[in-house]
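Everything below belongs to my_file.txt, which stores compact mmCIF, C-alpha atoms.
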# COMPACT_ATOMS: atom_id res chain seq x y z
CA MET X 873 -85.74 49.62 -37.19
CA LEU X 874 -85.47 52.87 -39.15
CA VAL X 875 -82.21 51.78 -40.79
CA ALA X 876 -83.64 48.35 -41.58
CA LEU X 877 -86.59 49.93 -43.36
CA LEU X 878 -84.31 52.25 -45.33
CA LEU X 879 -82.23 49.24 -46.35
CA SER X 880 -85.27 47.18 -47.31
CA ARG X 881 -85.88 49.22 -50.46
CA LEU X 882 -82.40 48.38 -51.74
CA ILE X 883 -82.63 44.72 -50.80
CA PHE X 884 -85.99 44.39 -52.58
CA LYS X 885 -84.71 46.62 -55.43
CA HIS X 886 -87.57 49.10 -55.47
CA PRO X 887 -86.57 52.06 -57.67
CA PHE X 888 -88.36 54.88 -55.83
CA ALA X 889 -87.52 55.62 -52.20
CA SER X 890 -90.53 57.80 -51.34
CA ILE X 891 -93.02 55.39 -52.93
CA TRP X 892 -91.45 52.45 -51.10
CA TRP X 893 -91.71 54.38 -47.83
CA ASN X 894 -95.40 55.06 -48.43
CA ILE X 895 -95.92 51.34 -49.03
CA LEU X 896 -94.25 50.60 -45.70
CA LYS X 897 -96.42 53.18 -43.94
CA GLU X 898 -99.64 51.49 -45.06
CA ASP X 899 -99.36 48.87 -42.32
CA ARG X 900 -97.03 50.86 -40.06
CA PRO X 901 -98.98 54.02 -39.22
CA GLY X 902 -96.46 55.13 -36.60
CA LEU X 903 -93.65 55.63 -39.10
CA PRO X 904 -92.39 59.17 -39.66
CA SER X 905 -92.54 60.76 -43.08
CA TYR X 906 -89.86 59.84 -45.59
CA THR X 907 -88.26 63.27 -45.19
CA GLN X 908 -88.03 62.80 -41.42
CA ALA X 909 -86.65 59.28 -41.83
CA TYR X 910 -84.03 60.48 -44.30
CA THR X 911 -83.01 63.32 -41.97
CA ARG X 912 -82.56 60.86 -39.12
CA GLY X 913 -80.52 58.66 -41.45
CA ILE X 914 -78.17 61.58 -42.11
CA LYS X 915 -77.66 61.96 -38.35
CA LEU X 916 -76.76 58.27 -38.12
CA LEU X 917 -74.26 58.53 -40.98
CA PRO X 918 -71.02 58.24 -38.91
CA LEU X 919 -72.35 55.14 -37.16
CA LEU X 920 -73.51 53.56 -40.42
CA GLU X 921 -70.13 54.15 -42.05
CA HIS X 922 -68.42 52.50 -39.09
CA VAL X 923 -70.74 49.49 -39.25
CA ALA X 924 -70.24 49.16 -43.01
CA SER X 925 -66.46 48.77 -42.70
CA PRO X 926 -65.49 46.64 -39.69
CA ALA X 927 -61.95 45.34 -39.32
CA GLN X 928 -61.67 41.67 -40.28
CA PRO X 929 -59.00 39.24 -41.51
CA CYS X 930 -58.66 39.13 -45.31
CA ALA X 931 -56.17 37.12 -47.35
CA GLU X 932 -56.83 39.00 -50.61
CA VAL X 933 -58.77 42.10 -51.62
CA VAL X 934 -59.48 43.67 -54.99
CA ILE X 935 -59.17 47.44 -55.30
CA ASP X 936 -60.85 49.67 -57.87
CA SER X 937 -62.87 52.85 -58.24
CA MET X 938 -66.13 53.84 -59.89
CA PRO X 939 -67.53 57.25 -60.90
CA LEU X 940 -70.16 59.02 -58.81
CA PRO X 941 -71.38 61.87 -61.03
CA ILE X 942 -73.46 64.45 -59.19
CA CYS X 943 -74.93 66.28 -62.18
CA ARG X 944 -75.22 65.99 -65.92
CA PRO X 945 -72.27 67.42 -67.90
CA LYS X 946 -74.30 70.25 -69.43
CA ARG X 947 -75.23 71.49 -65.95
CA THR X 948 -71.78 71.57 -64.38
CA HIS X 949 -71.45 75.34 -64.85
CA LEU X 950 -74.45 75.74 -62.53
CA CYS X 951 -73.41 73.09 -60.03
CA GLN X 952 -72.24 74.30 -56.62
CA PHE X 953 -71.76 70.88 -55.08
CA PRO X 954 -68.88 71.24 -52.56
CA GLY X 955 -65.68 69.41 -53.48
CA ALA X 956 -66.91 68.00 -56.79
CA LYS X 957 -64.28 67.89 -59.55
CA TRP X 958 -63.90 66.78 -63.13
CA GLY X 959 -62.55 63.27 -63.44
CA PHE X 960 -62.21 60.51 -65.98
CA GLY X 961 -63.77 57.05 -65.95
CA THR X 962 -64.11 54.17 -68.37
CA GLN X 963 -67.05 55.95 -70.03
CA GLY X 964 -65.32 59.30 -70.34
CA GLU X 965 -65.26 62.53 -68.36
CA PHE X 966 -67.68 63.22 -65.55
CA PHE X 967 -68.16 65.76 -62.78
CA GLY X 968 -68.37 64.60 -59.20
CA TYR X 969 -66.66 62.05 -57.01
CA LYS X 970 -65.26 58.54 -57.14
CA LEU X 971 -65.99 55.59 -54.90
CA HIS X 972 -62.77 53.71 -54.08
CA ALA X 973 -63.26 50.30 -52.51
CA TRP X 974 -61.73 47.06 -51.34
CA VAL X 975 -63.75 43.97 -52.22
CA THR X 976 -63.02 40.40 -51.17
CA PRO X 977 -62.99 37.56 -53.72
CA GLY X 978 -66.32 36.56 -52.17
CA GLY X 979 -67.87 39.91 -53.10
CA GLN X 980 -67.97 41.68 -49.72
CA ILE X 981 -67.13 45.38 -49.64
CA VAL X 982 -64.79 45.61 -46.65
CA GLN X 983 -63.90 49.29 -46.85
CA TYR X 984 -64.42 52.29 -49.11
CA VAL X 985 -63.91 56.04 -49.33
CA ILE X 986 -65.55 58.76 -51.43
CA ARG X 987 -63.13 61.30 -52.86
CA PRO X 988 -63.18 64.03 -55.56
CA ALA X 989 -62.98 62.62 -59.06
CA ASN X 990 -59.73 64.39 -59.96
CA LEU X 991 -57.64 62.38 -57.48
CA HIS X 992 -55.61 59.53 -58.98
CA ASP X 993 -56.62 56.02 -57.96
CA VAL X 994 -53.16 55.25 -56.57
CA THR X 995 -53.22 58.40 -54.42
CA VAL X 996 -56.49 57.38 -52.80
CA SER X 997 -55.36 53.77 -52.50
CA TYR X 998 -52.66 54.87 -50.06
CA GLU X 999 -55.42 56.26 -47.87
CA LEU X 1000 -57.18 52.90 -47.93
CA ASN X 1001 -53.87 51.24 -47.12
CA LEU X 1002 -53.77 53.04 -43.77
CA ARG X 1003 -56.17 50.37 -42.53
CA TRP X 1004 -54.15 47.53 -44.06
CA PRO X 1005 -53.03 46.16 -40.63
CA GLU X 1006 -56.66 46.05 -39.44
CA PHE X 1007 -57.37 43.51 -42.19
CA GLU X 1008 -54.25 41.48 -41.31
CA GLY X 1009 -52.21 42.54 -44.33
CA PRO X 1010 -54.14 41.23 -47.35
CA THR X 1011 -52.68 40.97 -50.84
CA ILE X 1012 -54.11 43.88 -52.86
CA ILE X 1013 -55.09 43.09 -56.45
CA GLY X 1014 -55.61 45.96 -58.87
CA ASP X 1015 -55.71 46.73 -62.56
CA LYS X 1016 -53.06 48.52 -64.62
CA GLY X 1017 -54.03 51.79 -62.97
CA TYR X 1018 -52.36 50.53 -59.79
CA CYS X 1019 -48.99 49.82 -61.37
CA CYS X 1020 -46.73 50.41 -58.38
CA LEU X 1021 -44.88 48.29 -55.87
CA GLY X 1022 -47.06 46.67 -53.24
CA TYR X 1023 -49.90 45.73 -55.58
CA VAL X 1024 -50.62 42.73 -57.76
CA TYR X 1025 -51.58 44.02 -61.21
CA PRO X 1026 -51.38 43.00 -64.89
CA PRO X 1027 -47.86 43.79 -66.14
CA LYS X 1028 -47.39 46.34 -68.88
CA LYS X 1029 -45.25 45.58 -71.93
CA ASN X 1030 -42.27 47.43 -70.47
CA THR X 1031 -42.56 46.00 -66.94
CA LYS X 1032 -39.24 44.44 -65.96
CA TYR X 1033 -40.21 42.72 -62.72
CA ASP X 1034 -42.76 40.17 -61.55
CA THR X 1035 -45.93 42.01 -60.51
CA GLY X 1036 -47.40 38.86 -58.98
CA TRP X 1037 -50.15 38.68 -61.60
CA ARG X 1038 -51.17 35.17 -62.63
CA GLU X 1039 -53.45 34.80 -65.64
CA SER X 1040 -54.71 31.49 -64.29
CA ARG X 1041 -56.56 33.10 -61.35
CA HIS X 1042 -56.33 36.88 -61.01
CA PRO X 1043 -58.58 37.91 -63.96
CA ARG X 1044 -61.40 35.89 -62.40
CA ILE X 1045 -60.85 37.54 -59.02
CA ARG X 1046 -60.67 41.00 -60.61
CA LYS X 1047 -64.01 40.44 -62.29
CA ARG X 1048 -65.65 40.19 -58.87
CA ILE X 1049 -65.31 43.90 -58.12
CA GLU X 1050 -66.84 44.77 -61.48
CA THR X 1051 -69.84 42.63 -60.56
CA VAL X 1052 -70.08 44.38 -57.19
CA PHE X 1053 -69.95 47.82 -58.77
CA SER X 1054 -72.69 46.81 -61.19
CA ALA X 1055 -74.85 45.87 -58.21
CA LEU X 1056 -74.20 49.27 -56.61
CA VAL X 1057 -75.17 51.03 -59.83
CA GLU X 1058 -78.38 49.01 -59.83
CA ALA X 1059 -78.94 50.35 -56.31
CA GLN X 1060 -78.91 53.86 -57.83
CA ILE X 1061 -75.84 55.27 -56.09
CA ARG X 1062 -75.15 57.24 -59.26
CA SER X 1063 -78.32 59.31 -59.02
CA VAL X 1064 -77.67 62.87 -60.17
CA GLN X 1065 -80.44 64.14 -57.87
CA THR X 1066 -78.10 64.19 -54.86
CA LYS X 1067 -77.75 67.73 -53.52
CA THR X 1068 -75.30 67.45 -50.61
CA LEU X 1069 -72.21 65.40 -49.79
CA ALA X 1070 -73.95 63.98 -46.71
CA SER X 1071 -76.85 62.71 -48.82
CA LEU X 1072 -74.39 61.17 -51.29
CA LYS X 1073 -72.59 59.42 -48.43
CA LEU X 1074 -75.88 58.14 -47.03
CA ARG X 1075 -76.91 56.81 -50.42
CA VAL X 1076 -73.59 54.98 -50.75
CA VAL X 1077 -73.43 53.54 -47.23
CA LEU X 1078 -76.99 52.19 -47.48
CA ALA X 1079 -76.14 50.58 -50.82
CA VAL X 1080 -72.96 49.05 -49.37
CA LEU X 1081 -74.78 47.69 -46.31
CA ALA X 1082 -77.61 46.31 -48.43
CA HIS X 1083 -75.15 44.65 -50.80
CA ASN X 1084 -73.20 43.00 -47.99
CA LEU X 1085 -76.39 41.83 -46.26
CA ALA X 1086 -77.87 40.37 -49.45
CA ARG X 1087 -74.62 38.71 -50.48
CA PRO X 1088 -75.01 34.90 -50.63
How does this structure look as structure tokens?
Amino acid sequence: MLVALLLSRLIFKHPFASIWWNILKEDRPGLPSYTQAYTRGIKLLPLLEHVASPAQPCAEVVIDSMPLPICRPKRTHLCQFPGAKWGFGTQGEFFGYKLHAWVTPGGQIVQYVIRPANLHDVTVSYELNLRWPEFEGPTIIGDKGYCCLGYVYPPKKNTKYDTGWRESRHPRIRKRIETVFSALVEAQIRSVQTKTLASLKLRVVLAVLAHNLARP
């Protein structure tokens, strides 16, 4: 029940976790404090991550990454967040991590990893590919950042082979992951108030679970 209540804030899109928890406690006097609930959530993190990414058959998946900044740029010289690095996203440089994910054409996040922002998308994609057999060998659709053999991606001007990209269908499929990432941003996974890697992972896994549960 604890996990369900933590997820409920994201499903109902309430912006403030502690206020939402106090609302829940009004007719549930036996609930622990929000701090206690959050601490218990951290302890359940390995189980939640396993539940969020079960093996399942997929014909196609879309791969991409999104920034997870952990502090504002002007405060990076004071930041001691373990493992955080400078990276580059569509909106410029940031300090923190990246979320790399596989998303189905239907909008389900089937697996993801959180890695330092300085790692190239292709490098991390090979880590995701380790689970490729568990998903029955789906076709992986990326953008031009994934321009290597084994992926379907938009060809560059100097590409001399067929990348598998078809303008009649793949742009529409690619747009799905952008919609999913927008939903995760709305769930506040980019909050710069995160202080530890475990709390960042909990924030992300709850957002992923809530997204998949609320998906039509």
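Minimum distance to Ala889 of chain X across X:Val996, X:Leu920, X:Ala1059, X:Leu1072 (counting all atoms listed in the file) occurs at X:Ala1059.
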Need the axis-aligned box for segment 1029-1034 of chain X with 5 Å each side, so what are the centre and edges in Å to one decimal, as AutoDock Vina command-line options?
--center_x -42.2 --center_y 43.8 --center_z -66.7 --size_x 16.0 --size_y 17.3 --size_z 20.4
Using all atoms listed in the file, I'd like a table of the residues in segment 916-996 of chain X that come within 12 Å of segment 1030-1050 of chain X; for each, show the closest atom pair and its distance in Å rounded to one decimal, ordered by chain and ascending number, as a tab-separated table.
residue	atom	partner	partner_atom	distance
X:Glu932	CA	X:Ile1045	CA	9.4
X:Val933	CA	X:Ile1045	CA	8.9
X:Val934	CA	X:Arg1046	CA	6.3
X:Ile935	CA	X:Ile1049	CA	7.6
X:Asp936	CA	X:Ile1049	CA	7.3
X:Ser937	CA	X:Ile1049	CA	9.3
X:Met938	CA	X:Glu1050	CA	9.2
X:Thr962	CA	X:Glu1050	CA	12.0
X:His972	CA	X:Ile1049	CA	10.9
X:Ala973	CA	X:Ile1049	CA	8.8
X:Trp974	CA	X:Ile1049	CA	8.3
X:Val975	CA	X:Ile1049	CA	6.1
X:Thr976	CA	X:Ile1049	CA	8.1
X:Pro977	CA	X:Ile1045	CA	5.7
X:Gly978	CA	X:Arg1048	CA	7.6
X:Gly979	CA	X:Arg1048	CA	6.2
X:Gln980	CA	X:Ile1049	CA	9.1
X:Ile981	CA	X:Ile1049	CA	8.8
X:Val982	CA	X:Ile1049	CA	11.6
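As for atom CA of Ala909 of chain X and atom CA of Val985 of chain X, they are spaced 24.2 Å apart.
Nearest to Gln908 of chain X of all the residues X:Ser880, X:Ala931, X:Leu874, X:Phe953 is X:Leu874, counting all atoms listed in the file.
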Quiz item: Which of these, X:His992, X:Tyr906, X:Leu940, X:Gly913, has the shortest distance to Phe888 of chain X once you count all atoms listed in the file?
Solution: X:Tyr906
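Straight-line separation from atom CA of Thr1068 of chain X to atom CA of Cys943 of chain X: 11.6 Å.
The two atoms in question, atom CA of Ser890 of chain X and atom CA of Gln952 of chain X, are spaced 25.2 Å apart.
Of the listed residues (X:Asn1084, X:Asn990, X:Ser997, X:Thr1066), X:Thr1066 comes nearest to Cys951 of chain X; the distances count all atoms listed in the file.
The smallest atom-to-atom distance between Phe966 of chain X and any of X:Lys885, X:Arg912, X:Arg944, X:Arg987, using only C-alpha atoms, is found for X:Arg944.
The smallest atom-to-atom distance between Gln1060 of chain X and any of X:Leu1000, X:Leu916, X:Leu882, X:Leu950, using all atoms listed in the file, is found for X:Leu882.
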Practice problem: Give as an MDAnalysis selection string each residue that has an atom at most 8 Å from (-79.4, 45.3, -48.7) in the file, counting all atoms listed in the file. | Solution: chainID X and resid 879:884 1078:1086
Exercise. Might you pull out every residue within 8 Å of segment 925-929 of chain X, with all atoms listed in the file counted and same-chain residues fewer than 6 positions away left off, and present them as a count of residues only?
Key: 8
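Residues with any atom within 9 Å of Trp958 of chain X, counting only C-alpha atoms and excluding same-chain neighbours fewer than 4 positions away, are Glu965, Phe966, Phe967, Gly968, Tyr969, Pro988, Ala989 and Asn990 of chain X.
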